[in-house]
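Engineer: Attaching a single structure in structure tokens format; questions to follow.
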Amino acid sequence: KGGDDDDDDDDDPVKRIYRFFKGLLRQWEEDLAARPEAVKRTAAGRNETKTLKQCKDYIRPLFKLCKTRRLDPSLMSHILKIVEFCQAGEFVKANDAYIDVAIGRAAWPIGVTQVGIHARTGRAKIESANVAHVMNSELQRKYLTSVKRLMTYYQKKREDVAPSKKVLN
């Protein structure tokens, strides 16, 4: 199982998120360190190492928010869904949850949204509950990118999961 999750922390979403991703980073680092020297020296090998380093740098703000318990509740619920789906081996659902948090489910109006003096009936759908979080700041964009990379890594590691439950890129 990915991440070091103890039974007493299952009810604490912040600790669960932190431990899951921290454990995946550690696992990924160990996997890369275990590669033969010849593989490490290839362009692909060096690229993979750079990707891990960037992932670690980018996810650091998420870990800080978890430690100080200042993670936005709506963002936390989305990330927790991602963690739960990944642990259950439901990578398609985890990917859907990631897309929800990254670009949201907001109605994307095309063209003129306000014609005339009457409010549109569908206007209510273009409200804050459906708005994406990733667009809010560069910091969030970066750590959500790392979350996606770790999801992809964990999916590759889980050979016990049926291909129909995986996202193929």
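FYI, nothing fancy with the structure tokens labels: chains A, B, ... in order, residues from 1 per chain, ligands from 1 as they appear.
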Go through stretch 43-104 of chain A residue by residue and, counting only C-alpha atoms, keep those with an atom at most 10 Å from stretch 27-33 of chain A; for each kept residue give the shortest atom pair and its distance in Å to one decimal, ordered by chain and increasing number, as CSV.

Structural biologist:
```
residue,atom,partner,partner_atom,distance
A:Gly45,CA,A:Leu32,CA,8.4
A:Arg46,CA,A:Leu32,CA,9.9
A:Glu48,CA,A:Leu32,CA,8.0
A:Thr49,CA,A:Leu32,CA,7.1
A:Leu52,CA,A:Glu29,CA,7.4
A:Lys53,CA,A:Glu29,CA,9.1
A:Lys56,CA,A:Glu29,CA,9.9
```

Engineer: Report the distance between atom CA of A:Ile59 and atom CA of A:Ser146 in Å, rounded to one decimal place.

Structural biologist: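 Taking atom CA of A:Ile59 and atom CA of A:Ser146, their separation equals 5.7 Å.
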
Engineer: So that I can check the surroundings of A:Lys148, please list as number ranges by chain every protein, DNA and RNA residue that reaches within 10 Å of it, counting only C-alpha atoms and ignoring chain neighbours fewer than 6 positions away.

Structural biologist: A: 55, 82, 94-95, 98-99, 102, 154

Engineer: Once you have the residues from the selection above, write them out as a PDB file, in the first residue's frame, restricted to C-alpha atoms.

Structural biologist:
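Listing of selection.pdb after writing:
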```
ATOM      1  CA  CYS A  55       7.818  17.104  -7.702  1.00  0.00           C
ATOM      2  CA  ILE A  82      -7.984  11.547  -4.627  1.00  0.00           C
ATOM      3  CA  ALA A  94      -9.080   9.589  -8.682  1.00  0.00           C
ATOM      4  CA  ASN A  95      -8.344  11.237 -12.027  1.00  0.00           C
ATOM      5  CA  TYR A  98      -8.147  15.599  -9.798  1.00  0.00           C
ATOM      6  CA  ILE A  99      -9.808  17.183 -12.829  1.00  0.00           C
ATOM      7  CA  ALA A 102      -7.802  21.371 -11.276  1.00  0.00           C
ATOM      8  CA  TYR A 154       1.338   5.083  -7.748  1.00  0.00           C
TER       9      TYR A 154
END
```

Engineer: Excluding A:Tyr18 and residues on its chain fewer than 5 positions from it, collect all residues at most 9 Å away from it, counting only C-alpha atoms, and give them as a list in words.

Structural biologist: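 That gives Gly3, Pro13, Gly23, Leu62, Phe63, Cys66 and Lys67 of chain A.
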
Engineer: Measuring between only C-alpha atoms, which one of A:Tyr58, A:Phe91, A:Phe21, A:Tyr143 shows the shortest distance to A:Lys156?

Structural biologist: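 Ranked by minimum distance to A:Lys156, first place goes to A:Phe91.
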
Engineer: Can you work out which one of A:Lys166, A:Arg105, A:Lys157, A:Lys93 has the shortest atom-to-atom distance to A:Leu24, counting only C-alpha atoms?

Structural biologist: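 When distances to A:Leu24 are compared using only C-alpha atoms, the smallest one comes from A:Lys157.
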
Engineer: Taking the DSSP secondary structure from the backbone, can you list the residues of stretch 12-164 of chain A that are alpha helix (DSSP H), as a ChimeraX atom specification?

Structural biologist: /A:13-33,37-41,43-67,73-88,91-103,138-157

Engineer: Identify which of the residues A:Ala43, A:Ile79, A:Leu25, A:Val161 lies closest to A:Arg149, counting only C-alpha atoms when measuring atom-to-atom distances.

Structural biologist: A:Leu25

Engineer: Go through A:Glu159, A:Lys64, A:Arg70, A:Phe85 and flag the residue nearest A:Lys22, using only C-alpha atoms for the distances.

Structural biologist: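 The closest residue to A:Lys22 is A:Lys64.
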
Engineer: Work out how far atom CA of A:Val167 is from atom CA of A:Ile17, in Å to one decimal.

Structural biologist: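 Between these atoms lies a distance of 21.0 Å.
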
Engineer: One number please: atom CA of A:Ala106 to atom CA of A:Thr152, in Å, one decimal.

Structural biologist: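 Separation between atom CA of A:Ala106 and atom CA of A:Thr152: 25.1 Å.
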